[in-house]
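Working notes, structure below.
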Amino acid sequence: MLKKTFSFSSSKTTCYFDASFAQIGNLVEKDRCIFITDQHVFGFHKKNFRGTRFIQIPAGESFKVQHVVNQIIDQLISFGADRSTTIIGVGGGVVTDITGYVASVYMRGLPFGFVPTTILGMVDASIGGKNGIDVGNYKNMVGVIRQPGFLFYDVSLLQTLPNEEWVNGFAEVIKHAAIKDAGLFKELEKNSINSYRKNKQLLNELIRKNVIIKSTVVQKDEFEDNERRLLNFGHTLGHAVENVYHLPHGHAISVGMKAACLISEETLNFKETARLTNLLQQYGLPINIPVDFGKVIEIMRMDKKKTRDIMNYVLLEKLGKAVIKPIPMNHLEKLLYSIARAR
Ligand SMILES: NC(=O)c1ccc[n+]([C@@H]2O[C@H](COP(=O)([O-])OP(=O)(O)OC[C@H]3O[C@@H](n4cnc5c(N)ncnc54)[C@H](O)[C@@H]3O)[C@@H](O)[C@H]2O)c1
Ligand SMILES: [Zn+2]
């Protein structure tokens, strides 16, 4: 087990890498913990919950909502949870988001930690302290920023993860490489989902590198004024595409990353679009979904990263180096239409 601690404005998160679930009793008293998980994770990993107090929620984004929060709170009350209780979310981003949120509001906040069980959860959702829920069609509309006390990484849990969720998670891994780490980009080019799936050491190392990339970005800018926005690479257009076409998140941001590369060619003389699109395809991600840019632009106009009529777009100077560039909305529309025409 390898340990690394990140300090944030008012708290610390300790990451345990290359860990195995059974070791969790070494960091917390199991009798004082309540685990929250979803039905899929519980179904595959029942033995890990034997003899523990746990709460199961239904699986899927549609359950990351207030009425499930209320049910969790009722169960916490019936377990007698109090400030000496640690809440541990074991699951993908849905479980960790809702767990961090409940743990932050129940009795005005209990200690909490996560055992992420998806690639996306490990490299992205569990990190950075954003915990929240959806309201109607609005994703992550209500929430808090509060850092987990610990993140516990047991990559053997990923063996039961369906292939499409590996693909989804690798979109964020590729994003991290594109914005921050040219070396990681090269490593990804030499490998595949299968090679990571088969090689535990390689996978552990990949997860660790990605956790360090995201945590370091968040450390510099916990409350998202600047550096943290780099993590939105591919997400501005991606979210809009996801919204209109109901694609899996990884697919949508794959399309978004390609568009961001093409805009980077126009505005920053970026020259490595083909390397990025090849890598996306190598990891099973689409790059050519027919998109109605009119609809997508309409959604983008409402994007929260837009200040007045300027969109702060995350672009690449080169692979491994992202920058934020303010682009007037009218100019952005022209760029997007010319990209659409060129396809
Ligand atoms: N807080 C943040 O900063 C942040 C960042 C990115 C994403 N998110 C959130 O994360 C969520 C998406 O996370 P996700 O992609 O992990 O989705 P998810 O939690 O829905 O998990 C995907 C599916 O995989 C199943 N699953 C999870 N672990 C498994 C395992 N080990 N074996 C078999 N099945 C398993 C789940 O039950 C689910 O069906 C979204 O709600 C998103 O808003 C949050
Ligand atoms: Zn994302």
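Residue numbering restarts at 1 for every chain of the structure tokens, chains are lettered A, B, ... in their displayed order, and ligands are numbered from 1 as they appear.
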Contacts of chain A with ligand 1 up to 7 Å, shortest pair per row, only C-alpha atoms and all ligand atoms, as CSV:
```
residue,atom,partner,partner_atom_place_in_ligand_line,distance
A:Asp38,CA,ligand 1,37 (O),5.8
A:Gln39,CA,ligand 1,37 (O),6.5
A:His40,CA,ligand 1,37 (O),4.4
A:Val41,CA,ligand 1,29 (C),5.1
A:Phe44,CA,ligand 1,32 (N),6.4
A:Ala59,CA,ligand 1,37 (O),4.6
A:Gly60,CA,ligand 1,20 (O),4.5
A:Glu61,CA,ligand 1,20 (O),5.4
A:Lys64,CA,ligand 1,41 (O),6.9
A:Gly91,CA,ligand 1,28 (N),5.0
A:Gly92,CA,ligand 1,19 (O),3.2
A:Gly93,CA,ligand 1,13 (O),3.2
A:Val94,CA,ligand 1,19 (O),3.8
A:Val95,CA,ligand 1,19 (O),5.6
A:Asp97,CA,ligand 1,1 (N),5.4
A:Thr117,CA,ligand 1,28 (N),4.3
A:Thr118,CA,ligand 1,28 (N),4.7
A:Ile119,CA,ligand 1,16 (O),6.9
A:Leu120,CA,ligand 1,16 (O),5.1
A:Gly121,CA,ligand 1,16 (O),4.6
A:Asp124,CA,ligand 1,5 (C),5.1
A:Ala125,CA,ligand 1,4 (C),3.4
A:Ser126,CA,ligand 1,1 (N),6.0
A:Ile127,CA,ligand 1,3 (O),6.1
A:Gly128,CA,ligand 1,3 (O),5.9
A:Gly129,CA,ligand 1,1 (N),6.5
A:Lys130,CA,ligand 1,1 (N),4.3
A:Asn131,CA,ligand 1,1 (N),5.1
A:Lys139,CA,ligand 1,43 (O),6.7
A:Asn140,CA,ligand 1,43 (O),6.3
A:Leu157,CA,ligand 1,31 (N),4.8
A:Leu158,CA,ligand 1,31 (N),4.6
A:Gln159,CA,ligand 1,31 (N),6.7
A:Thr160,CA,ligand 1,32 (N),4.0
A:Leu161,CA,ligand 1,32 (N),3.6
A:Pro162,CA,ligand 1,33 (C),6.1
A:Glu165,CA,ligand 1,22 (C),6.3
A:Asn168,CA,ligand 1,15 (O),6.8
A:Gly169,CA,ligand 1,15 (O),6.8
```
**Prompt:** So which residues touch A:Glu29 within 12 Å, counting only C-alpha atoms, skipping near sequence neighbours fewer than 6 positions away, as a list in words?
**Reply:**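 Counting only the stated atoms, we get Gln23, Thr52, Arg53, Ser84, Thr85, Thr86, Ile87 and Ile88 of chain A.
Across the structure, atom CA of A:Phe6 and atom CA of A:Asp154 are spaced 18.7 Å apart.
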Sorted by chain and rising residue number, list the residues of chain A at most 12 Å from ligand 2 (counting only C-alpha atoms and all ligand atoms), each with its closest atom pair and distance in Å to one decimal, as a tab-separated table.
```
residue	atom	partner	partner_atom_place_in_ligand_line	distance
A:Gly93	CA	ligand 2	1 (Zn)	10.5
A:Ile119	CA	ligand 2	1 (Zn)	11.6
A:Leu120	CA	ligand 2	1 (Zn)	8.0
A:Gly121	CA	ligand 2	1 (Zn)	10.3
A:Val123	CA	ligand 2	1 (Zn)	10.2
A:Asp124	CA	ligand 2	1 (Zn)	7.6
A:Ala125	CA	ligand 2	1 (Zn)	8.4
A:Asn168	CA	ligand 2	1 (Zn)	8.8
A:Gly169	CA	ligand 2	1 (Zn)	8.5
A:Phe170	CA	ligand 2	1 (Zn)	10.2
A:Ala171	CA	ligand 2	1 (Zn)	7.7
A:Glu172	CA	ligand 2	1 (Zn)	6.0
A:Val173	CA	ligand 2	1 (Zn)	9.8
A:Ile174	CA	ligand 2	1 (Zn)	10.9
A:Lys175	CA	ligand 2	1 (Zn)	8.7
A:His176	CA	ligand 2	1 (Zn)	10.5
A:Lys214	CA	ligand 2	1 (Zn)	11.9
A:Arg229	CA	ligand 2	1 (Zn)	11.9
A:Leu230	CA	ligand 2	1 (Zn)	11.6
A:Leu231	CA	ligand 2	1 (Zn)	8.1
A:Asn232	CA	ligand 2	1 (Zn)	7.4
A:Phe233	CA	ligand 2	1 (Zn)	8.7
A:Gly234	CA	ligand 2	1 (Zn)	8.3
A:His235	CA	ligand 2	1 (Zn)	6.5
A:Thr236	CA	ligand 2	1 (Zn)	10.1
A:Leu237	CA	ligand 2	1 (Zn)	11.5
A:Gly238	CA	ligand 2	1 (Zn)	8.5
A:His239	CA	ligand 2	1 (Zn)	8.5
A:Glu242	CA	ligand 2	1 (Zn)	10.6
A:Pro248	CA	ligand 2	1 (Zn)	10.2
A:His249	CA	ligand 2	1 (Zn)	6.5
A:Gly250	CA	ligand 2	1 (Zn)	6.8
A:His251	CA	ligand 2	1 (Zn)	9.9
A:Ala252	CA	ligand 2	1 (Zn)	9.0
A:Ile253	CA	ligand 2	1 (Zn)	6.8
A:Ser254	CA	ligand 2	1 (Zn)	9.7
A:Gly256	CA	ligand 2	1 (Zn)	10.5
A:Met257	CA	ligand 2	1 (Zn)	10.9
```
Keeping only N, CA and C atoms, write the selected residues to a file as a tab-separated table (two decimals), in the first residue's frame.
```tsv
chain	number	residue	atom	x	y	z
A	93	GLY	N	-18.94	7.23	-9.65
A	93	GLY	CA	-19.13	8.64	-9.36
A	93	GLY	C	-20.49	8.97	-8.76
A	119	ILE	N	-13.25	3.37	-13.32
A	119	ILE	CA	-12.08	4.15	-13.75
A	119	ILE	C	-12.38	5.63	-13.57
A	120	LEU	N	-13.57	6.06	-14.03
A	120	LEU	CA	-13.93	7.47	-13.92
A	120	LEU	C	-13.96	7.91	-12.45
A	121	GLY	N	-14.48	7.04	-11.60
A	121	GLY	CA	-14.51	7.35	-10.17
A	121	GLY	C	-13.10	7.51	-9.62
A	123	VAL	N	-10.16	8.19	-11.18
A	123	VAL	CA	-9.27	9.25	-11.69
A	123	VAL	C	-9.92	10.62	-11.68
A	124	ASP	N	-11.24	10.66	-11.43
A	124	ASP	CA	-11.93	11.94	-11.60
A	124	ASP	C	-12.94	12.22	-10.47
A	125	ALA	N	-14.07	11.48	-10.45
A	125	ALA	CA	-15.18	11.89	-9.59
A	125	ALA	C	-14.85	11.90	-8.10
A	168	ASN	N	-15.44	4.75	-21.04
A	168	ASN	CA	-15.84	6.04	-20.48
A	168	ASN	C	-14.75	6.67	-19.62
A	169	GLY	N	-14.20	5.86	-18.75
A	169	GLY	CA	-13.18	6.37	-17.82
A	169	GLY	C	-11.91	6.78	-18.55
A	170	PHE	N	-11.57	6.03	-19.60
A	170	PHE	CA	-10.33	6.37	-20.33
A	170	PHE	C	-10.45	7.70	-21.06
A	171	ALA	N	-11.67	8.16	-21.32
A	171	ALA	CA	-11.79	9.50	-21.92
A	171	ALA	C	-11.18	10.53	-20.97
A	172	GLU	N	-11.39	10.38	-19.66
A	172	GLU	CA	-10.83	11.34	-18.69
A	172	GLU	C	-9.32	11.14	-18.54
A	173	VAL	N	-8.88	9.89	-18.65
A	173	VAL	CA	-7.44	9.61	-18.58
A	173	VAL	C	-6.73	10.30	-19.75
A	174	ILE	N	-7.31	10.14	-20.94
A	174	ILE	CA	-6.72	10.77	-22.13
A	174	ILE	C	-6.77	12.30	-21.97
A	175	LYS	N	-7.85	12.80	-21.41
A	175	LYS	CA	-7.96	14.25	-21.15
A	175	LYS	C	-6.80	14.71	-20.26
A	176	HIS	N	-6.56	13.98	-19.16
A	176	HIS	CA	-5.47	14.38	-18.26
A	176	HIS	C	-4.14	14.43	-19.00
A	214	LYS	N	-4.94	15.17	-11.28
A	214	LYS	CA	-6.16	15.92	-10.91
A	214	LYS	C	-6.00	16.59	-9.55
A	229	ARG	N	-10.21	24.97	-14.15
A	229	ARG	CA	-10.99	24.97	-15.39
A	229	ARG	C	-10.32	24.15	-16.51
A	230	LEU	N	-9.00	23.94	-16.38
A	230	LEU	CA	-8.32	23.13	-17.42
A	230	LEU	C	-8.96	21.75	-17.52
A	231	LEU	N	-9.52	21.28	-16.39
A	231	LEU	CA	-10.14	19.95	-16.38
A	231	LEU	C	-11.39	19.91	-17.24
A	232	ASN	N	-11.85	21.06	-17.67
A	232	ASN	CA	-13.01	21.11	-18.56
A	232	ASN	C	-12.65	20.87	-20.03
A	233	PHE	N	-11.38	20.54	-20.31
A	233	PHE	CA	-11.00	20.27	-21.70
A	233	PHE	C	-11.96	19.24	-22.32
A	234	GLY	N	-12.54	19.62	-23.46
A	234	GLY	CA	-13.48	18.71	-24.14
A	234	GLY	C	-14.89	18.75	-23.57
A	235	HIS	N	-15.06	19.42	-22.41
A	235	HIS	CA	-16.34	19.35	-21.71
A	235	HIS	C	-17.32	20.45	-22.10
A	236	THR	N	-16.82	21.56	-22.66
A	236	THR	CA	-17.73	22.66	-23.00
A	236	THR	C	-18.68	22.18	-24.10
A	237	LEU	N	-18.09	21.79	-25.22
A	237	LEU	CA	-18.91	21.23	-26.29
A	237	LEU	C	-19.45	19.85	-25.87
A	238	GLY	N	-18.61	19.10	-25.13
A	238	GLY	CA	-18.99	17.74	-24.71
A	238	GLY	C	-20.31	17.73	-23.93
A	239	HIS	N	-20.42	18.61	-22.93
A	239	HIS	CA	-21.66	18.63	-22.14
A	239	HIS	C	-22.86	18.96	-23.01
A	242	GLU	N	-23.68	15.93	-25.00
A	242	GLU	CA	-24.25	14.91	-24.09
A	242	GLU	C	-25.73	15.21	-23.83
A	248	PRO	N	-23.14	8.50	-23.86
A	248	PRO	CA	-22.35	8.29	-22.65
A	248	PRO	C	-21.34	9.45	-22.50
A	249	HIS	N	-21.05	9.82	-21.25
A	249	HIS	CA	-20.21	10.99	-21.00
A	249	HIS	C	-18.87	10.92	-21.74
A	250	GLY	N	-18.22	9.76	-21.68
A	250	GLY	CA	-16.90	9.63	-22.33
A	250	GLY	C	-16.98	9.87	-23.83
A	251	HIS	N	-18.04	9.37	-24.46
A	251	HIS	CA	-18.21	9.56	-25.91
A	251	HIS	C	-18.38	11.04	-26.22
A	252	ALA	N	-19.21	11.71	-25.41
A	252	ALA	CA	-19.48	13.13	-25.65
A	252	ALA	C	-18.21	13.96	-25.50
A	253	ILE	N	-17.41	13.67	-24.47
A	253	ILE	CA	-16.21	14.51	-24.31
A	253	ILE	C	-15.13	14.15	-25.32
A	254	SER	N	-15.20	12.92	-25.85
A	254	SER	CA	-14.29	12.56	-26.93
A	254	SER	C	-14.54	13.47	-28.14
A	256	GLY	N	-15.98	16.32	-27.96
A	256	GLY	CA	-15.60	17.66	-27.50
A	256	GLY	C	-14.10	17.91	-27.57
A	257	MET	N	-13.31	16.88	-27.25
A	257	MET	CA	-11.84	17.04	-27.29
A	257	MET	C	-11.37	17.23	-28.73
```
**Item:** Spatial neighbours of A:Lys209, 12 Å, only C-alpha atoms, chain gap at least 3 places, as a ChimeraX atom specification
**Value:** /A:4,15,17,122-124,173-174,176-177,180-181,183-185,187,202-206,212-216
**Request:** Write down as a list in words the residues belonging to stretch 100-237 of chain A that are assigned strand (DSSP E or B) by DSSP computed on the backbone.
**Result:** Phe112, Gly113, Phe114, Val115, Pro116, Lys130, Asn131, Gly132, Ile133, Asp134, Val135, Tyr138, Lys139, Asn140, Met141, Val142, Gly143, Val144, Ile145, Phe150, Leu151 and Phe152 of chain A
**Request:** Could you give me, as a PyMOL selection string, the residues within 8 Å of A:Lys318, counting only C-alpha atoms and dropping anything in the same chain fewer than 6 positions from it?
**Result:** chain A and resi 270-272
Would you output that residue set with N, CA and C atoms, as a JSON list (two decimals), in the first residue's frame?
```json
[["chain", "number", "residue", "atom", "x", "y", "z"],
["A", 270, "PHE", "N", -2.00, 24.77, -33.14],
["A", 270, "PHE", "CA", -1.81, 23.40, -32.62],
["A", 270, "PHE", "C", -1.73, 22.43, -33.79],
["A", 271, "LYS", "N", -0.82, 21.42, -33.66],
["A", 271, "LYS", "CA", -0.59, 20.58, -34.84],
["A", 271, "LYS", "C", -0.79, 19.09, -34.59],
["A", 272, "GLU", "N", -1.34, 18.73, -33.43],
["A", 272, "GLU", "CA", -1.32, 17.29, -33.11],
["A", 272, "GLU", "C", -2.72, 16.67, -32.98]]
```
**Prompt:** Out of A:Thr14, A:Thr273, A:Thr267, A:Gln71, which residue has the shortest atom-to-atom distance to A:Lys325 when counting only C-alpha atoms?
**Reply:** A:Thr267
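Proximity ranking of A:Lys47, A:Lys321, A:Lys200, A:Arg83 relative to A:Ser264 places A:Lys321 first, based on only C-alpha atoms.
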I want to know what sits within 12 Å of A:Leu332, based on only C-alpha atoms, with residues of the same chain fewer than 3 positions away left out; could you give that as a compact mmCIF listing (two decimals) with all heavy atoms, in the first residue's frame?
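Below you can see result11.txt, which holds the result:
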```txt
# COMPACT_ATOMS: atom_id res chain seq x y z
N THR A 236 -16.82 21.56 -22.66
CA THR A 236 -17.73 22.66 -23.00
C THR A 236 -18.68 22.18 -24.10
O THR A 236 -19.90 22.11 -23.92
CB THR A 236 -16.93 23.89 -23.45
OG1 THR A 236 -15.96 24.15 -22.43
CG2 THR A 236 -17.81 25.10 -23.64
N LEU A 237 -18.09 21.79 -25.22
CA LEU A 237 -18.91 21.23 -26.29
C LEU A 237 -19.45 19.85 -25.87
O LEU A 237 -20.58 19.49 -26.16
CB LEU A 237 -18.07 21.09 -27.57
CG LEU A 237 -18.87 20.64 -28.77
CD1 LEU A 237 -19.15 21.83 -29.68
CD2 LEU A 237 -18.14 19.56 -29.56
N ALA A 259 -13.11 18.56 -31.17
CA ALA A 259 -13.49 19.93 -31.58
C ALA A 259 -12.52 20.94 -30.96
O ALA A 259 -12.07 21.88 -31.64
CB ALA A 259 -14.93 20.22 -31.15
N ALA A 260 -12.17 20.73 -29.69
CA ALA A 260 -11.24 21.67 -29.03
C ALA A 260 -9.88 21.66 -29.74
O ALA A 260 -9.22 22.71 -29.86
CB ALA A 260 -11.08 21.30 -27.56
N LEU A 262 -9.44 21.09 -32.97
CA LEU A 262 -9.59 21.82 -34.24
C LEU A 262 -9.62 23.33 -33.99
O LEU A 262 -9.02 24.11 -34.75
CB LEU A 262 -10.85 21.34 -34.97
CG LEU A 262 -10.80 19.88 -35.43
CD1 LEU A 262 -12.15 19.41 -35.96
CD2 LEU A 262 -9.71 19.66 -36.50
N ILE A 263 -10.27 23.75 -32.92
CA ILE A 263 -10.25 25.17 -32.57
C ILE A 263 -8.83 25.60 -32.20
O ILE A 263 -8.38 26.70 -32.55
CB ILE A 263 -11.25 25.47 -31.42
CG1 ILE A 263 -12.68 25.12 -31.88
CG2 ILE A 263 -11.17 26.93 -30.99
CD1 ILE A 263 -13.71 25.21 -30.78
N SER A 264 -8.10 24.71 -31.52
CA SER A 264 -6.70 25.02 -31.16
C SER A 264 -5.83 25.18 -32.41
O SER A 264 -4.90 25.99 -32.44
CB SER A 264 -6.10 23.92 -30.28
OG SER A 264 -6.93 23.66 -29.18
N GLU A 266 -6.84 26.38 -35.24
CA GLU A 266 -7.18 27.70 -35.79
C GLU A 266 -6.57 28.84 -35.00
O GLU A 266 -6.09 29.82 -35.56
CB GLU A 266 -8.71 27.89 -35.78
CG GLU A 266 -9.46 27.05 -36.78
CD GLU A 266 -9.17 27.48 -38.21
OE1 GLU A 266 -9.09 28.70 -38.45
OE2 GLU A 266 -8.98 26.58 -39.06
N THR A 267 -6.64 28.71 -33.67
CA THR A 267 -6.29 29.87 -32.84
C THR A 267 -4.89 29.80 -32.24
O THR A 267 -4.32 30.83 -31.91
CB THR A 267 -7.31 30.05 -31.70
OG1 THR A 267 -7.36 28.82 -30.99
CG2 THR A 267 -8.69 30.39 -32.20
N PHE A 293 -24.82 21.48 -34.99
CA PHE A 293 -24.13 22.50 -34.22
C PHE A 293 -25.06 23.64 -33.79
O PHE A 293 -24.79 24.30 -32.79
CB PHE A 293 -22.91 23.02 -34.98
CG PHE A 293 -21.71 22.13 -34.82
CD1 PHE A 293 -21.42 21.14 -35.74
CD2 PHE A 293 -20.90 22.24 -33.70
CE1 PHE A 293 -20.33 20.29 -35.58
CE2 PHE A 293 -19.81 21.39 -33.51
CZ PHE A 293 -19.53 20.42 -34.45
N VAL A 296 -26.40 22.54 -30.52
CA VAL A 296 -25.33 22.45 -29.53
C VAL A 296 -24.91 23.86 -29.08
O VAL A 296 -24.69 24.12 -27.89
CB VAL A 296 -24.14 21.66 -30.12
CG1 VAL A 296 -22.91 21.78 -29.24
CG2 VAL A 296 -24.54 20.19 -30.28
N ILE A 297 -24.85 24.78 -30.04
CA ILE A 297 -24.45 26.16 -29.70
C ILE A 297 -25.49 26.80 -28.78
O ILE A 297 -25.14 27.50 -27.82
CB ILE A 297 -24.24 26.99 -30.99
CG1 ILE A 297 -22.93 26.55 -31.65
CG2 ILE A 297 -24.21 28.49 -30.68
CD1 ILE A 297 -22.74 27.04 -33.06
N MET A 300 -24.68 25.67 -25.50
CA MET A 300 -23.42 26.25 -25.03
C MET A 300 -23.59 27.70 -24.59
O MET A 300 -22.90 28.17 -23.70
CB MET A 300 -22.36 26.19 -26.14
CG MET A 300 -21.69 24.83 -26.19
SD MET A 300 -20.70 24.62 -27.66
CE MET A 300 -19.32 25.65 -27.33
N ARG A 301 -24.52 28.38 -25.21
CA ARG A 301 -24.78 29.77 -24.82
C ARG A 301 -25.19 29.86 -23.35
O ARG A 301 -25.02 30.88 -22.70
CB ARG A 301 -25.86 30.38 -25.72
CG ARG A 301 -25.33 30.85 -27.06
CD ARG A 301 -26.31 31.78 -27.74
NE ARG A 301 -25.73 32.40 -28.91
CZ ARG A 301 -24.94 33.48 -28.86
NH1 ARG A 301 -24.65 34.05 -27.72
NH2 ARG A 301 -24.44 33.98 -29.98
N LYS A 306 -19.33 30.54 -19.47
CA LYS A 306 -19.41 31.72 -20.33
C LYS A 306 -19.62 32.96 -19.45
O LYS A 306 -20.51 33.01 -18.65
CB LYS A 306 -20.57 31.58 -21.30
CG LYS A 306 -20.68 32.70 -22.30
CD LYS A 306 -21.78 32.41 -23.32
CE LYS A 306 -23.17 32.58 -22.74
NZ LYS A 306 -23.59 33.96 -22.58
N ASP A 309 -20.55 37.55 -23.21
CA ASP A 309 -20.54 36.90 -24.52
C ASP A 309 -19.20 36.28 -24.88
O ASP A 309 -18.90 36.04 -26.03
CB ASP A 309 -20.99 37.91 -25.59
CG ASP A 309 -22.50 37.79 -25.74
OD1 ASP A 309 -23.03 36.71 -25.45
OD2 ASP A 309 -23.13 38.78 -26.13
N ILE A 310 -18.42 36.04 -23.85
CA ILE A 310 -17.11 35.42 -24.07
C ILE A 310 -17.15 34.01 -23.50
O ILE A 310 -17.61 33.80 -22.39
CB ILE A 310 -16.00 36.20 -23.31
CG1 ILE A 310 -16.03 37.68 -23.65
CG2 ILE A 310 -14.64 35.58 -23.51
CD1 ILE A 310 -15.35 38.05 -24.93
N MET A 311 -16.67 33.05 -24.26
CA MET A 311 -16.57 31.68 -23.74
C MET A 311 -15.11 31.43 -23.37
O MET A 311 -14.22 31.64 -24.19
CB MET A 311 -17.03 30.72 -24.84
CG MET A 311 -16.94 29.27 -24.46
SD MET A 311 -18.23 28.77 -23.33
CE MET A 311 -19.53 28.37 -24.48
N ASN A 312 -14.89 30.99 -22.14
CA ASN A 312 -13.53 30.61 -21.76
C ASN A 312 -13.30 29.17 -22.19
O ASN A 312 -13.79 28.25 -21.56
CB ASN A 312 -13.34 30.76 -20.25
CG ASN A 312 -13.26 32.21 -19.87
OD1 ASN A 312 -12.52 32.98 -20.49
ND2 ASN A 312 -14.01 32.61 -18.88
N TYR A 313 -12.57 29.01 -23.29
CA TYR A 313 -12.43 27.69 -23.89
C TYR A 313 -11.08 27.09 -23.51
O TYR A 313 -10.07 27.78 -23.54
CB TYR A 313 -12.55 27.81 -25.41
CG TYR A 313 -13.38 26.70 -26.00
CD1 TYR A 313 -14.73 26.86 -26.25
CD2 TYR A 313 -12.79 25.47 -26.30
CE1 TYR A 313 -15.49 25.83 -26.77
CE2 TYR A 313 -13.55 24.44 -26.83
CZ TYR A 313 -14.89 24.63 -27.06
OH TYR A 313 -15.65 23.60 -27.58
N LYS A 325 -8.52 30.07 -23.14
CA LYS A 325 -8.53 31.22 -24.05
C LYS A 325 -9.96 31.77 -24.15
O LYS A 325 -10.89 31.03 -24.45
CB LYS A 325 -8.03 30.76 -25.43
CG LYS A 325 -7.61 31.92 -26.28
CD LYS A 325 -6.70 31.48 -27.40
CE LYS A 325 -6.72 32.44 -28.56
NZ LYS A 325 -6.30 33.79 -28.28
N PRO A 326 -10.09 33.06 -23.86
CA PRO A 326 -11.42 33.65 -24.02
C PRO A 326 -11.74 33.83 -25.50
O PRO A 326 -10.93 34.40 -26.25
CB PRO A 326 -11.30 35.00 -23.32
CG PRO A 326 -9.86 35.27 -23.16
CD PRO A 326 -9.09 34.01 -23.39
N ILE A 327 -12.85 33.28 -25.95
CA ILE A 327 -13.24 33.41 -27.37
C ILE A 327 -14.63 34.05 -27.41
O ILE A 327 -15.56 33.55 -26.76
CB ILE A 327 -13.29 32.04 -28.07
CG1 ILE A 327 -11.96 31.30 -27.88
CG2 ILE A 327 -13.60 32.19 -29.56
CD1 ILE A 327 -11.90 29.96 -28.60
N PRO A 328 -14.77 35.14 -28.16
CA PRO A 328 -16.11 35.73 -28.28
C PRO A 328 -17.07 34.70 -28.87
O PRO A 328 -16.71 33.96 -29.79
CB PRO A 328 -15.90 36.91 -29.25
CG PRO A 328 -14.43 37.16 -29.24
CD PRO A 328 -13.76 35.87 -28.92
N MET A 329 -18.27 34.66 -28.34
CA MET A 329 -19.26 33.65 -28.73
C MET A 329 -19.51 33.65 -30.25
O MET A 329 -19.61 32.59 -30.85
CB MET A 329 -20.56 33.93 -27.96
CG MET A 329 -21.44 32.74 -27.81
SD MET A 329 -20.66 31.35 -26.97
CE MET A 329 -21.69 30.04 -27.60
N LEU A 335 -16.30 29.35 -35.89
CA LEU A 335 -15.32 28.25 -35.88
C LEU A 335 -16.03 26.89 -35.90
O LEU A 335 -15.66 26.00 -36.66
CB LEU A 335 -14.44 28.35 -34.64
CG LEU A 335 -13.37 29.44 -34.63
CD1 LEU A 335 -12.74 29.55 -33.24
CD2 LEU A 335 -12.27 29.12 -35.65
N LEU A 336 -17.04 26.76 -35.07
CA LEU A 336 -17.74 25.47 -34.99
C LEU A 336 -18.43 25.12 -36.31
O LEU A 336 -18.39 23.98 -36.76
CB LEU A 336 -18.75 25.47 -33.84
CG LEU A 336 -18.13 25.44 -32.44
CD1 LEU A 336 -19.22 25.58 -31.37
CD2 LEU A 336 -17.36 24.14 -32.21
N TYR A 337 -19.05 26.13 -36.93
CA TYR A 337 -19.70 25.85 -38.21
C TYR A 337 -18.67 25.48 -39.28
O TYR A 337 -18.91 24.61 -40.10
CB TYR A 337 -20.55 27.05 -38.65
CG TYR A 337 -21.88 27.09 -37.95
CD1 TYR A 337 -22.24 28.18 -37.16
CD2 TYR A 337 -22.78 26.02 -38.04
CE1 TYR A 337 -23.45 28.20 -36.48
CE2 TYR A 337 -23.99 26.03 -37.36
CZ TYR A 337 -24.32 27.12 -36.59
OH TYR A 337 -25.52 27.13 -35.92
N SER A 338 -17.48 26.13 -39.24
CA SER A 338 -16.50 25.78 -40.26
C SER A 338 -15.94 24.38 -40.00
O SER A 338 -15.66 23.63 -40.92
CB SER A 338 -15.39 26.84 -40.37
OG SER A 338 -14.52 26.72 -39.29
N ILE A 339 -15.86 23.99 -38.73
CA ILE A 339 -15.45 22.61 -38.41
C ILE A 339 -16.50 21.64 -38.95
O ILE A 339 -16.18 20.63 -39.58
CB ILE A 339 -15.31 22.42 -36.89
CG1 ILE A 339 -14.08 23.16 -36.37
CG2 ILE A 339 -15.24 20.95 -36.52
CD1 ILE A 339 -14.00 23.22 -34.87
```
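Interatomic distance, atom CA of A:Lys3 against atom CA of A:Phe150: 10.2 Å.
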**Neighbour list for A:Val142 as a ChimeraX atom specification, cut-off 10 Å, only C-alpha atoms, skip fewer than 2 positions in-chain** = /A:65-66,101,131-135,138-140,144
**Which of A:Ile73, A:Ile36, A:Ile299, A:Ile193 sits closest to A:Leu280 [using only C-alpha atoms]** =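 Closest to A:Leu280 of all the choices is A:Ile193.
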**Asked** What residues in stretch 131-334 of chain A get the DSSP label helix (DSSP H, G or I)? Please answer as a count of residues only.
**Response** 122
**Prompt:** Any idea what the distance is between atom CA of A:Asn278 and atom CA of A:Val241?
**Reply:**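 Distance reported for this atom pair: 20.5 Å.
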